[in-house]
>>> print(open('target_23.csv').read())   # CSV, C-alpha atoms
chain,number,residue,atom,x,y,z
A,3,MET,CA,72.8,-249.6,61.5
A,4,ASP,CA,73.4,-246.3,59.7
A,5,THR,CA,71.5,-243.1,60.5
A,6,GLY,CA,69.5,-243.1,57.3
A,7,ALA,CA,68.2,-246.6,57.9
A,8,HIS,CA,67.3,-245.6,61.5
A,9,GLU,CA,65.2,-242.7,60.2
A,10,ARG,CA,63.5,-244.8,57.5
A,11,LEU,CA,62.5,-247.4,60.1
A,12,ARG,CA,61.4,-244.7,62.6
A,13,ALA,CA,59.2,-243.0,60.0
A,14,ARG,CA,57.8,-246.3,58.9
A,15,ALA,CA,57.0,-247.4,62.4
A,16,LEU,CA,55.3,-244.1,63.2
A,17,ARG,CA,53.2,-244.2,59.9
A,18,LEU,CA,52.1,-247.8,60.3
A,19,GLY,CA,51.7,-247.8,64.1
A,20,ALA,CA,54.4,-250.4,64.6
A,21,SER,CA,55.4,-251.2,68.2
A,22,VAL,CA,59.1,-251.2,67.4
A,23,SER,CA,61.6,-248.8,68.9
A,24,ALA,CA,63.2,-246.0,66.8
A,25,ASP,CA,66.6,-247.6,66.9
A,26,ALA,CA,65.5,-251.0,65.5
A,27,GLY,CA,65.3,-252.7,68.8
A,28,THR,CA,68.7,-251.9,70.3
A,29,THR,CA,67.2,-250.0,73.4
A,30,ARG,CA,64.3,-252.4,74.1
A,31,ARG,CA,64.4,-255.9,75.5
A,32,PRO,CA,64.5,-258.6,72.8
A,33,ALA,CA,61.1,-259.9,71.8
A,34,TRP,CA,62.1,-263.6,72.0
A,35,TRP,CA,58.5,-264.7,72.3
A,36,ARG,CA,58.2,-264.0,68.5
A,37,LEU,CA,61.1,-266.4,67.7
A,38,PRO,CA,59.0,-269.6,67.6
A,39,LEU,CA,56.9,-268.1,64.8
A,40,LEU,CA,60.0,-267.2,62.9
A,41,VAL,CA,61.4,-270.7,63.5
A,42,PHE,CA,58.2,-272.0,61.7
A,43,GLY,CA,59.3,-270.0,58.7
A,44,PHE,CA,62.8,-271.3,58.7
A,45,VAL,CA,61.6,-274.9,59.0
A,46,ALA,CA,59.6,-274.3,55.8
A,47,LEU,CA,62.7,-272.7,54.2
A,48,PHE,CA,64.9,-275.6,54.9
A,49,ALA,CA,62.2,-278.1,53.9
A,50,GLY,CA,61.5,-276.2,50.7
A,51,VAL,CA,65.1,-275.9,49.8
A,52,GLY,CA,65.6,-279.6,50.5
A,53,ALA,CA,62.5,-280.4,48.4
A,54,GLY,CA,64.0,-278.4,45.5
A,55,LEU,CA,67.3,-280.3,45.8
A,56,ALA,CA,65.4,-283.6,45.8
A,57,ARG,CA,63.7,-282.6,42.5
A,58,LEU,CA,67.2,-282.4,41.1
A,59,ALA,CA,68.3,-285.8,42.5
A,60,TRP,CA,70.4,-284.5,45.3
A,61,PRO,CA,70.2,-286.8,48.4
A,62,VAL,CA,68.0,-285.4,51.2
A,63,PRO,CA,66.3,-286.8,54.3
A,64,ASP,CA,63.3,-289.0,53.5
A,65,VAL,CA,60.8,-286.6,55.2
A,66,VAL,CA,61.9,-283.8,52.8
A,67,ALA,CA,62.1,-286.1,49.7
A,68,GLY,CA,58.5,-287.0,50.4
A,69,VAL,CA,57.3,-283.4,49.9
A,70,ALA,CA,59.5,-282.7,46.8
A,71,ALA,CA,56.5,-282.0,44.7
A,72,LEU,CA,55.5,-279.2,47.1
A,73,HIS,CA,58.8,-277.2,46.8
A,74,GLY,CA,56.9,-274.1,45.7
A,75,PRO,CA,54.2,-274.0,48.3
A,76,LEU,CA,56.8,-274.5,51.1
A,77,MET,CA,58.8,-271.6,49.9
A,78,VAL,CA,56.0,-269.2,49.0
A,79,CYS,CA,53.4,-270.0,51.7
A,80,GLY,CA,55.5,-271.7,54.4
A,81,PHE,CA,58.5,-269.4,54.4
A,82,PHE,CA,57.4,-266.1,52.9
A,83,GLY,CA,53.9,-266.4,54.3
A,84,VAL,CA,55.3,-266.6,57.8
A,85,VAL,CA,57.9,-263.8,57.4
A,86,ILE,CA,55.6,-261.3,55.7
A,87,SER,CA,52.6,-261.9,58.0
A,88,LEU,CA,54.8,-261.8,61.1
A,89,GLU,CA,56.2,-258.4,60.0
A,90,ARG,CA,52.7,-257.2,59.3
A,91,ALA,CA,51.5,-258.4,62.7
A,92,VAL,CA,54.4,-256.4,64.3
A,93,ALA,CA,53.4,-253.4,62.3
A,94,ILE,CA,49.8,-253.2,63.4
A,95,ALA,CA,50.5,-254.4,66.9
A,96,ARG,CA,47.3,-256.5,67.3
A,97,PRO,CA,47.4,-259.9,68.9
A,98,TRP,CA,45.0,-261.5,66.4
A,99,ALA,CA,47.4,-260.7,63.5
A,100,TYR,CA,49.9,-263.2,64.9
A,101,ALA,CA,47.5,-266.0,64.0
A,102,ALA,CA,48.6,-265.5,60.4
A,103,PRO,CA,52.2,-266.6,60.8
A,104,LEU,CA,51.0,-269.3,63.2
A,105,CYS,CA,48.5,-270.8,60.7
A,106,ALA,CA,51.3,-270.8,58.0
A,107,GLY,CA,53.6,-272.5,60.4
A,108,LEU,CA,51.0,-275.1,61.3
A,109,GLY,CA,50.4,-275.7,57.6
A,110,THR,CA,54.1,-276.6,57.2
A,111,ALA,CA,54.0,-278.8,60.3
A,112,ALA,CA,51.0,-280.6,59.0
A,113,LEU,CA,52.7,-281.3,55.7
A,114,LEU,CA,55.8,-282.6,57.2
A,115,HIS,CA,53.9,-284.9,59.6
A,116,GLY,CA,51.8,-286.5,56.9
A,117,ALA,CA,48.6,-284.4,57.3
A,118,GLY,CA,49.0,-282.7,54.0
A,119,GLY,CA,45.3,-282.5,53.4
A,120,ALA,CA,45.1,-279.7,56.0
A,121,THR,CA,48.1,-277.8,54.7
A,122,ALA,CA,46.5,-275.8,51.9
A,123,TRP,CA,43.6,-274.7,54.2
A,124,LEU,CA,45.9,-273.6,56.9
A,125,TYR,CA,47.9,-271.6,54.4
A,126,LEU,CA,44.6,-270.1,53.1
A,127,ALA,CA,43.7,-269.1,56.6
A,128,SER,CA,47.0,-267.4,57.0
A,129,SER,CA,46.5,-265.5,53.7
A,130,VAL,CA,43.1,-264.3,54.8
A,131,LEU,CA,44.5,-263.1,58.1
A,132,LEU,CA,47.3,-261.3,56.3
A,133,LEU,CA,44.8,-259.6,54.0
A,134,ALA,CA,42.8,-258.5,57.1
A,135,ALA,CA,46.0,-257.1,58.6
A,136,SER,CA,46.9,-255.3,55.4
A,137,LEU,CA,43.4,-253.8,55.1
A,138,ARG,CA,43.8,-252.5,58.7
A,139,VAL,CA,47.0,-250.8,57.6
A,140,LEU,CA,45.2,-249.3,54.6
A,141,ALA,CA,42.4,-248.0,56.9
A,142,ARG,CA,45.1,-246.3,59.0
A,143,GLN,CA,46.9,-244.8,56.0
A,144,ARG,CA,45.1,-244.5,52.7
A,145,GLU,CA,48.1,-244.3,50.4
A,146,GLY,CA,49.0,-245.9,47.1
A,147,PHE,CA,51.7,-248.1,48.6
A,148,THR,CA,49.3,-249.5,51.3
A,149,LEU,CA,46.8,-250.3,48.5
A,150,VAL,CA,49.5,-252.1,46.5
A,151,ILE,CA,50.4,-254.2,49.6
A,152,VAL,CA,46.7,-255.1,50.1
A,153,LEU,CA,46.6,-256.2,46.4
A,154,GLY,CA,49.6,-258.4,47.0
A,155,ALA,CA,48.0,-260.1,50.0
A,156,ALA,CA,44.8,-260.6,48.0
A,157,CYS,CA,46.9,-262.3,45.3
A,158,TRP,CA,48.1,-264.8,47.9
A,159,CYS,CA,44.5,-265.4,49.0
A,160,VAL,CA,43.3,-266.0,45.4
A,161,GLY,CA,46.1,-268.4,44.5
A,162,THR,CA,46.0,-270.3,47.8
A,163,ALA,CA,42.2,-270.7,47.5
A,164,MET,CA,42.6,-272.1,44.0
A,165,TRP,CA,45.3,-274.5,45.2
A,166,ALA,CA,43.1,-275.6,48.2
A,167,LEU,CA,40.3,-276.3,45.7
A,168,GLY,CA,42.5,-278.6,43.6
A,169,ALA,CA,44.2,-276.4,41.1
A,170,PRO,CA,47.8,-277.5,40.3
A,171,VAL,CA,50.6,-275.2,41.4
A,172,HIS,CA,51.6,-274.2,37.9
A,173,ARG,CA,48.1,-272.9,37.3
A,174,ILE,CA,48.3,-270.5,40.3
A,175,ALA,CA,52.0,-269.7,40.1
A,176,GLY,CA,51.2,-266.3,38.7
A,177,TRP,CA,49.0,-265.3,41.7
A,178,TRP,CA,51.8,-266.3,44.1
A,179,ILE,CA,54.3,-264.3,42.0
A,180,GLY,CA,51.9,-261.4,42.2
A,181,PHE,CA,51.8,-261.8,46.0
A,182,LEU,CA,55.5,-261.4,46.4
A,183,VAL,CA,56.2,-258.9,43.7
A,184,LEU,CA,53.4,-256.5,44.7
A,185,THR,CA,54.3,-256.8,48.4
A,186,ILE,CA,57.9,-255.8,47.6
A,187,ALA,CA,56.8,-253.1,45.1
A,188,GLY,CA,54.5,-251.6,47.7
A,189,GLU,CA,57.3,-251.4,50.3
A,190,ARG,CA,59.6,-249.8,47.7
A,191,LEU,CA,56.9,-247.3,46.6
A,192,GLU,CA,56.6,-246.3,50.3
A,193,LEU,CA,60.2,-245.4,50.4
A,194,SER,CA,60.0,-243.6,47.1
A,195,ARG,CA,58.8,-240.5,49.0
A,196,TYR,CA,62.4,-239.9,49.8
A,197,LEU,CA,63.0,-239.4,46.1
A,198,PRO,CA,59.4,-238.7,45.0
A,199,PRO,CA,58.4,-239.9,41.5
A,200,SER,CA,56.7,-237.4,39.2
A,201,PRO,CA,52.9,-237.5,38.8
A,202,VAL,CA,53.5,-239.2,35.4
A,203,ALA,CA,55.8,-241.8,37.0
A,204,ARG,CA,53.1,-242.6,39.6
A,205,ARG,CA,50.5,-243.0,36.9
A,206,VAL,CA,52.8,-245.4,35.0
A,207,PHE,CA,53.3,-247.4,38.2
A,208,ALA,CA,49.5,-247.7,38.7
A,209,ALA,CA,49.1,-248.7,35.0
A,210,ILE,CA,51.7,-251.5,35.5
A,211,VAL,CA,49.9,-252.8,38.6
A,212,VAL,CA,46.6,-252.8,36.7
A,213,LEU,CA,48.2,-254.6,33.8
A,214,LEU,CA,49.6,-257.3,36.0
A,215,LEU,CA,46.3,-257.9,37.9
A,216,ALA,CA,44.4,-257.9,34.6
A,217,ALA,CA,46.8,-260.5,33.1
A,218,LEU,CA,46.4,-262.7,36.3
A,219,VAL,CA,42.6,-262.6,36.0
A,220,MET,CA,42.9,-263.6,32.4
A,221,TRP,CA,45.5,-266.3,33.2
A,222,PRO,CA,43.6,-269.2,31.4
A,223,LEU,CA,44.0,-267.4,28.1
A,224,PRO,CA,47.0,-268.6,26.2
A,225,TRP,CA,48.6,-265.2,25.9
A,226,ALA,CA,47.9,-264.0,29.5
A,227,PRO,CA,51.2,-265.3,31.0
A,228,ASN,CA,53.1,-263.4,28.4
A,229,LEU,CA,51.3,-260.3,29.4
A,230,VAL,CA,52.3,-261.0,33.0
A,231,GLY,CA,55.9,-261.1,31.8
A,232,VAL,CA,55.5,-257.7,30.1
A,233,ALA,CA,54.1,-256.2,33.3
A,234,LEU,CA,57.0,-257.6,35.4
A,235,LEU,CA,59.5,-256.3,32.9
A,236,ALA,CA,57.9,-252.9,33.0
A,237,LEU,CA,57.9,-252.9,36.8
A,238,ALA,CA,61.6,-253.8,36.8
A,239,ALA,CA,62.3,-250.8,34.6
A,240,TRP,CA,60.2,-248.5,36.8
A,241,LEU,CA,62.0,-249.6,40.0
A,242,LEU,CA,65.4,-249.3,38.4
A,243,ARG,CA,64.6,-245.8,37.3
A,244,GLN,CA,62.7,-244.6,40.4
A,245,ASP,CA,64.1,-246.4,43.4
A,246,ILE,CA,66.1,-244.4,45.9
A,247,ALA,CA,68.7,-247.2,45.8
A,248,ARG,CA,70.2,-245.5,42.7
A,249,ARG,CA,71.5,-242.8,45.0
A,250,THR,CA,72.1,-244.7,48.2
A,251,VAL,CA,74.4,-247.2,46.4
A,252,ARG,CA,77.0,-244.4,46.4
A,253,GLN,CA,77.1,-244.4,50.2
A,254,GLN,CA,78.9,-246.8,52.6
A,255,GLY,CA,78.2,-249.7,54.9
A,256,LEU,CA,74.7,-251.1,55.3
A,257,THR,CA,73.1,-248.4,53.1
A,258,ARG,CA,75.2,-249.5,50.1
A,259,PHE,CA,74.7,-253.2,50.8
A,260,ILE,CA,70.9,-252.7,50.8
A,261,ALA,CA,71.1,-250.7,47.6
A,262,VAL,CA,73.3,-253.4,45.9
A,263,CYS,CA,70.8,-256.0,46.9
A,264,LEU,CA,67.9,-254.0,45.5
A,265,LEU,CA,69.5,-253.1,42.2
A,266,SER,CA,70.7,-256.7,41.6
A,267,GLY,CA,67.2,-257.9,42.5
A,268,TYR,CA,65.6,-255.6,39.9
A,269,PHE,CA,68.0,-257.1,37.3
A,270,TRP,CA,66.6,-260.6,38.0
A,271,LEU,CA,63.0,-259.3,38.0
A,272,ALA,CA,63.7,-258.0,34.5
A,273,VAL,CA,65.2,-261.3,33.5
A,274,GLY,CA,62.3,-263.3,34.8
A,275,GLY,CA,59.8,-260.9,33.3
A,276,ALA,CA,61.5,-261.1,29.9
A,277,VAL,CA,61.6,-264.9,29.9
A,278,ILE,CA,57.8,-265.0,30.7
A,279,ALA,CA,57.1,-262.3,28.1
A,280,VAL,CA,58.8,-264.4,25.4
A,281,ALA,CA,58.1,-268.0,26.4
A,282,GLY,CA,55.1,-267.9,28.7
A,283,LEU,CA,55.0,-270.0,31.9
A,284,THR,CA,54.5,-273.6,30.8
A,285,PRO,CA,55.8,-276.3,33.1
A,286,GLY,CA,58.3,-278.9,31.9
A,287,HIS,CA,60.4,-276.4,29.9
A,288,GLY,CA,63.7,-274.8,30.8
A,289,ALA,CA,62.1,-271.4,30.5
A,290,TYR,CA,59.6,-272.3,33.3
A,291,ASP,CA,62.4,-273.1,35.7
A,292,ALA,CA,64.5,-270.1,34.6
A,293,ALA,CA,61.6,-267.6,35.0
A,294,LEU,CA,60.5,-268.9,38.4
A,295,HIS,CA,63.9,-269.0,39.9
A,296,ALA,CA,65.0,-265.6,38.4
A,297,LEU,CA,61.9,-264.1,40.1
A,298,LEU,CA,61.5,-266.1,43.3
A,299,LEU,CA,65.2,-266.7,44.0
A,300,GLY,CA,67.1,-263.9,42.3
A,301,PHE,CA,64.6,-261.1,42.8
A,302,VAL,CA,62.8,-262.0,46.0
A,303,PHE,CA,65.8,-263.3,48.0
A,304,SER,CA,67.9,-260.3,47.0
A,305,MET,CA,65.2,-258.3,48.7
A,306,VAL,CA,65.4,-260.6,51.7
A,307,PHE,CA,69.2,-260.3,51.9
A,308,GLY,CA,68.9,-256.5,51.7
A,309,HIS,CA,66.1,-256.1,54.2
A,310,ALA,CA,67.0,-258.7,56.8
A,311,PRO,CA,69.3,-256.4,58.8
A,312,ILE,CA,66.3,-254.1,59.2
A,313,ILE,CA,63.5,-256.7,59.6
A,314,PHE,CA,65.2,-258.8,62.2
A,315,PRO,CA,65.7,-255.8,64.6
A,316,ALA,CA,62.1,-254.7,64.0
A,317,VAL,CA,60.6,-258.2,64.7
A,318,LEU,CA,62.9,-259.6,67.4
A,319,ARG,CA,64.4,-256.3,68.8
A,320,VAL,CA,67.9,-257.6,68.4
A,321,ALA,CA,70.7,-255.6,66.8
A,322,VAL,CA,72.1,-256.9,63.5
A,323,PRO,CA,75.1,-254.7,62.8
A,324,TYR,CA,76.3,-254.6,59.2
A,325,ARG,CA,79.3,-256.8,58.4
A,326,PRO,CA,81.3,-256.7,55.1
A,327,TRP,CA,80.9,-260.5,54.9
A,328,PHE,CA,77.2,-260.0,54.0
A,329,TYR,CA,78.3,-259.6,50.4
A,330,LEU,CA,79.6,-263.2,50.2
A,331,PRO,CA,76.3,-264.9,50.2
A,332,LEU,CA,74.9,-262.3,47.8
A,333,VAL,CA,77.6,-262.9,45.3
A,334,LEU,CA,77.2,-266.7,45.7
A,335,LEU,CA,73.4,-266.3,45.1
A,336,HIS,CA,73.8,-264.4,41.9
A,337,ALA,CA,76.6,-266.6,40.5
A,338,SER,CA,74.8,-269.9,41.3
A,339,LEU,CA,71.6,-268.5,39.8
A,340,ALA,CA,73.4,-267.5,36.6
A,341,LEU,CA,74.8,-271.1,36.4
A,342,ARG,CA,71.3,-272.5,36.8
A,343,LEU,CA,69.8,-270.3,34.1
A,344,ALA,CA,72.7,-271.2,31.8
A,345,GLY,CA,71.8,-274.8,32.4
A,346,ASP,CA,68.2,-274.1,31.7
A,347,ALA,CA,69.1,-272.4,28.4
A,348,ALA,CA,71.5,-275.2,27.3
A,349,GLY,CA,69.5,-278.1,28.6
A,350,ASP,CA,72.5,-279.0,30.9
A,351,VAL,CA,71.1,-280.8,33.9
A,352,ALA,CA,74.5,-280.8,35.7
A,353,ALA,CA,74.6,-277.0,35.6
A,354,ARG,CA,71.1,-276.8,37.0
A,355,ARG,CA,71.9,-279.2,39.8
A,356,TRP,CA,75.1,-277.4,40.8
A,357,GLY,CA,73.4,-274.0,40.4
A,358,ALA,CA,70.7,-275.2,42.9
A,359,MET,CA,73.3,-276.4,45.3
A,360,GLY,CA,75.2,-273.1,45.1
A,361,SER,CA,72.0,-271.2,45.9
A,362,THR,CA,71.4,-273.5,48.9
A,363,LEU,CA,74.9,-272.7,50.1
A,364,ALA,CA,74.2,-269.0,49.6
A,365,LEU,CA,71.1,-269.1,51.8
A,366,LEU,CA,72.9,-271.1,54.5
A,367,THR,CA,75.8,-268.7,54.4
A,368,PHE,CA,73.6,-265.7,54.7
A,369,ILE,CA,71.7,-267.2,57.7
A,370,ALA,CA,75.0,-268.0,59.4
A,371,GLY,CA,76.2,-264.4,58.7
A,372,ILE,CA,73.1,-262.9,60.3
A,373,LEU,CA,73.3,-265.1,63.3
A,374,SER,CA,77.0,-264.4,63.8
A,375,SER,CA,76.4,-260.7,63.6
A,376,VAL,CA,73.6,-261.0,66.2
A,377,LEU,CA,75.8,-263.0,68.5
A,378,LEU,CA,78.8,-260.7,68.2
A,379,ALA,CA,76.6,-257.7,68.9
A,380,GLY,CA,75.2,-259.5,72.0
A,381,ARG,CA,78.7,-260.2,73.3
A,382,ARG,CA,79.8,-256.7,72.8
A,383,GLU,CA,76.7,-255.3,74.6
A,384,SER,CA,77.3,-257.8,77.5
A,385,ALA,CA,80.9,-256.7,77.7
A,386,LEU,CA,79.9,-253.0,77.9
A,387,ARG,CA,77.4,-253.7,80.6
A,388,SER,CA,79.9,-255.6,82.7
>>> encode(input="target_23.csv", output="structure tokens")
Amino acid sequence: MDTGAHERLRARALRLGASVSADAGTTRRPAWWRLPLLVFGFVALFAGVGAGLARLAWPVPDVVAGVAALHGPLMVCGFFGVVISLERAVAIARPWAYAAPLCAGLGTAALLHGAGGATAWLYLASSVLLLAASLRVLARQREGFTLVIVLGAACWCVGTAMWALGAPVHRIAGWWIGFLVLTIAGERLELSRYLPPSPVARRVFAAIVVLLLAALVMWPLPWAPNLVGVALLALAAWLLRQDIARRTVRQQGLTRFIAVCLLSGYFWLAVGGAVIAVAGLTPGHGAYDAALHALLLGFVFSMVFGHAPIIFPAVLRVAVPYRPWFYLPLVLLHASLALRLAGDAAGDVAARRWGAMGSTLALLTFIAGILSSVLLAGRRESALRS
């Protein structure tokens, strides 16, 4: 990992009280005891991806095909719920916080073992615990970015509570979008102190967040989803203008890779926001599929690709050296998503199906790339010790 990334992780660890080493885990023993919690997340990821493929008539195992209707909850609550709450638990270094990823993982396990009635309530418990952990961070550091992160966690609570009480997924999709978007925006706002926005820019950011939350509260109104799209489009423009990635993309190695992931992710955030602003978010239409996947696949997974080489060392204390092949799954992700959205626009089911399969291959390729990087680093360290 480059020096700049080390310094950012060190500063973040010190500010949030994280129990990670300054060199992202390369000088401390691996925290393998956290791995089972992370495995819960990847089980949800594979099940959720398989459920998505099943919805497009790709052959998948029966256990996955049986939960095809819950593709969204598996991805948002099962996967991202585990990953985000696990990272937050590491940050505050309190044993009780690890119950959040555990509850999310148990929710996925219940769903896959036929006890789906408990799933929403376990996911809700996870979201409440994540909110509690986020509030603890806010109590430690009263900053704008920690408040935005709390608001993101609150969005997950609201949406999951509504789902547990019987609301259909499409009615609460906006709240789950708010959860992921505000969580990411808060993290990026934190790093904006390396290229501090002007007071006017900060006020604009606050206005965008207020607009997004107000639109979510007014979601039952027919024009409220369009307003959410306007807020997302404005946020994409703000991030593209203010994020430090505009400068770090000129560097080399991991720093450039992260910047490329971020900037390309902001493009998809703008696309998703524009689609919702124009067409709303009504299920059953190509615009619905296009908007959700531009946001939750193009934007959010671009962030995952960019931050994984930092998050994995922080959580598991294992080195994930940058490799040039990290770009391969990123390119495949964007190309396959573009194919899917073209299929949505043209009503071409085959393009949507192959776009979904391409995105699946992108995720699998990225996971394989991260694992191979970890294994190569481990072999090199063992060789040096011997």
>>> atom_distance(input="target_23.csv", atom1="atom CA of A:Ala187", atom2="atom CA of A:Trp98")
25.8 Å
>>> residues_around(input="target_23.csv", residues="stretch 228-238 of chain A", least_positions_apart="4", cutoff="10 Å", atoms="all atoms listed in the file", output="PyMOL selection string")
chain A and resi 176+179-180+183-184+187+206-207+209-218+220-221+223-224+242-244+265+267-283+293+297+301
>>> residues_around(input="target_23.csv", residues="A:Arg325", least_positions_apart="2", cutoff="9 Å", atoms="all atoms listed in the file", output="VMD selection string")
chain A and resid 255 to 256 322 to 323 327 to 329 371 to 372 375
>>> write_last_selection(input="target_23.csv", atoms="C-alpha atoms", output="PDB file, keeping the file's coordinate frame")
ATOM      1  CA  GLY A 255      78.200-249.700  54.900  1.00  0.00           C
ATOM      2  CA  LEU A 256      74.700-251.100  55.300  1.00  0.00           C
ATOM      3  CA  VAL A 322      72.100-256.900  63.500  1.00  0.00           C
ATOM      4  CA  PRO A 323      75.100-254.700  62.800  1.00  0.00           C
ATOM      5  CA  TRP A 327      80.900-260.500  54.900  1.00  0.00           C
ATOM      6  CA  PHE A 328      77.200-260.000  54.000  1.00  0.00           C
ATOM      7  CA  TYR A 329      78.300-259.600  50.400  1.00  0.00           C
ATOM      8  CA  GLY A 371      76.200-264.400  58.700  1.00  0.00           C
ATOM      9  CA  ILE A 372      73.100-262.900  60.300  1.00  0.00           C
ATOM     10  CA  SER A 375      76.400-260.700  63.600  1.00  0.00           C
TER      11      SER A 375
END
>>> closest_residue(input="target_23.csv", among="A:Pro311, A:Gly154, A:Gly357, A:Gly161", to="A:Ala292", atoms="only C-alpha atoms")
A:Gly357
>>> closest_atom_pairs(input="target_23.csv", of="stretch 286-347 of chain A", to="stretch 28-45 of chain A", cutoff="6 Å", atoms="all atoms listed in the file", output="Markdown table")
| residue | atom | partner | partner_atom | distance |
| --- | --- | --- | --- | --- |
| A:Leu318 | CA | A:Ala33 | CA | 4.8 |
| A:Arg319 | CA | A:Pro32 | CA | 4.6 |
| A:Val320 | CA | A:Pro32 | CA | 5.6 |
| A:Ala321 | CA | A:Thr28 | CA | 5.5 |
>>> closest_residue(input="target_23.csv", among="A:Leu299, A:Ala102, A:Leu140, A:Leu55", to="A:Ala337", atoms="all atoms listed in the file")
A:Leu299
>>> build_atoms(input="target_23.csv", residues="stretch 161-178 of chain A", atoms="N, CA and C atoms", output="tab-separated table (two decimals), in the coordinates of the input")
chain	number	residue	atom	x	y	z
A	161	GLY	N	45.36	-267.21	44.94
A	161	GLY	CA	46.10	-268.40	44.50
A	161	GLY	C	46.03	-269.53	45.47
A	162	THR	N	46.06	-269.26	46.77
A	162	THR	CA	46.00	-270.30	47.80
A	162	THR	C	44.61	-270.96	47.79
A	163	ALA	N	43.57	-270.14	47.60
A	163	ALA	CA	42.20	-270.70	47.50
A	163	ALA	C	42.07	-271.63	46.35
A	164	MET	N	42.61	-271.23	45.21
A	164	MET	CA	42.60	-272.10	44.00
A	164	MET	C	43.31	-273.38	44.26
A	165	TRP	N	44.46	-273.29	44.93
A	165	TRP	CA	45.30	-274.50	45.20
A	165	TRP	C	44.50	-275.40	46.18
A	166	ALA	N	43.88	-274.82	47.21
A	166	ALA	CA	43.10	-275.60	48.20
A	166	ALA	C	41.95	-276.33	47.51
A	167	LEU	N	41.42	-275.74	46.44
A	167	LEU	CA	40.30	-276.30	45.70
A	167	LEU	C	40.73	-277.31	44.63
A	168	GLY	N	42.04	-277.55	44.53
A	168	GLY	CA	42.50	-278.60	43.60
A	168	GLY	C	43.28	-278.13	42.42
A	169	ALA	N	43.48	-276.83	42.22
A	169	ALA	CA	44.20	-276.40	41.10
A	169	ALA	C	45.71	-276.74	41.23
A	170	PRO	N	46.38	-277.18	40.16
A	170	PRO	CA	47.80	-277.50	40.30
A	170	PRO	C	48.63	-276.23	40.47
A	171	VAL	N	49.81	-276.39	41.04
A	171	VAL	CA	50.60	-275.20	41.40
A	171	VAL	C	50.96	-274.39	40.18
A	172	HIS	N	51.24	-275.02	39.04
A	172	HIS	CA	51.60	-274.20	37.90
A	172	HIS	C	50.51	-273.34	37.38
A	173	ARG	N	49.25	-273.70	37.71
A	173	ARG	CA	48.10	-272.90	37.30
A	173	ARG	C	47.94	-271.63	38.14
A	174	ILE	N	48.45	-271.69	39.36
A	174	ILE	CA	48.30	-270.50	40.30
A	174	ILE	C	49.61	-269.86	40.56
A	175	ALA	N	50.67	-270.26	39.88
A	175	ALA	CA	52.00	-269.70	40.10
A	175	ALA	C	51.98	-268.16	39.92
A	176	GLY	N	51.22	-267.70	38.93
A	176	GLY	CA	51.20	-266.30	38.70
A	176	GLY	C	50.62	-265.48	39.84
A	177	TRP	N	49.61	-266.02	40.52
A	177	TRP	CA	49.00	-265.30	41.70
A	177	TRP	C	50.06	-265.23	42.81
A	178	TRP	N	50.82	-266.30	43.01
A	178	TRP	CA	51.80	-266.30	44.10
A	178	TRP	C	52.98	-265.34	43.70
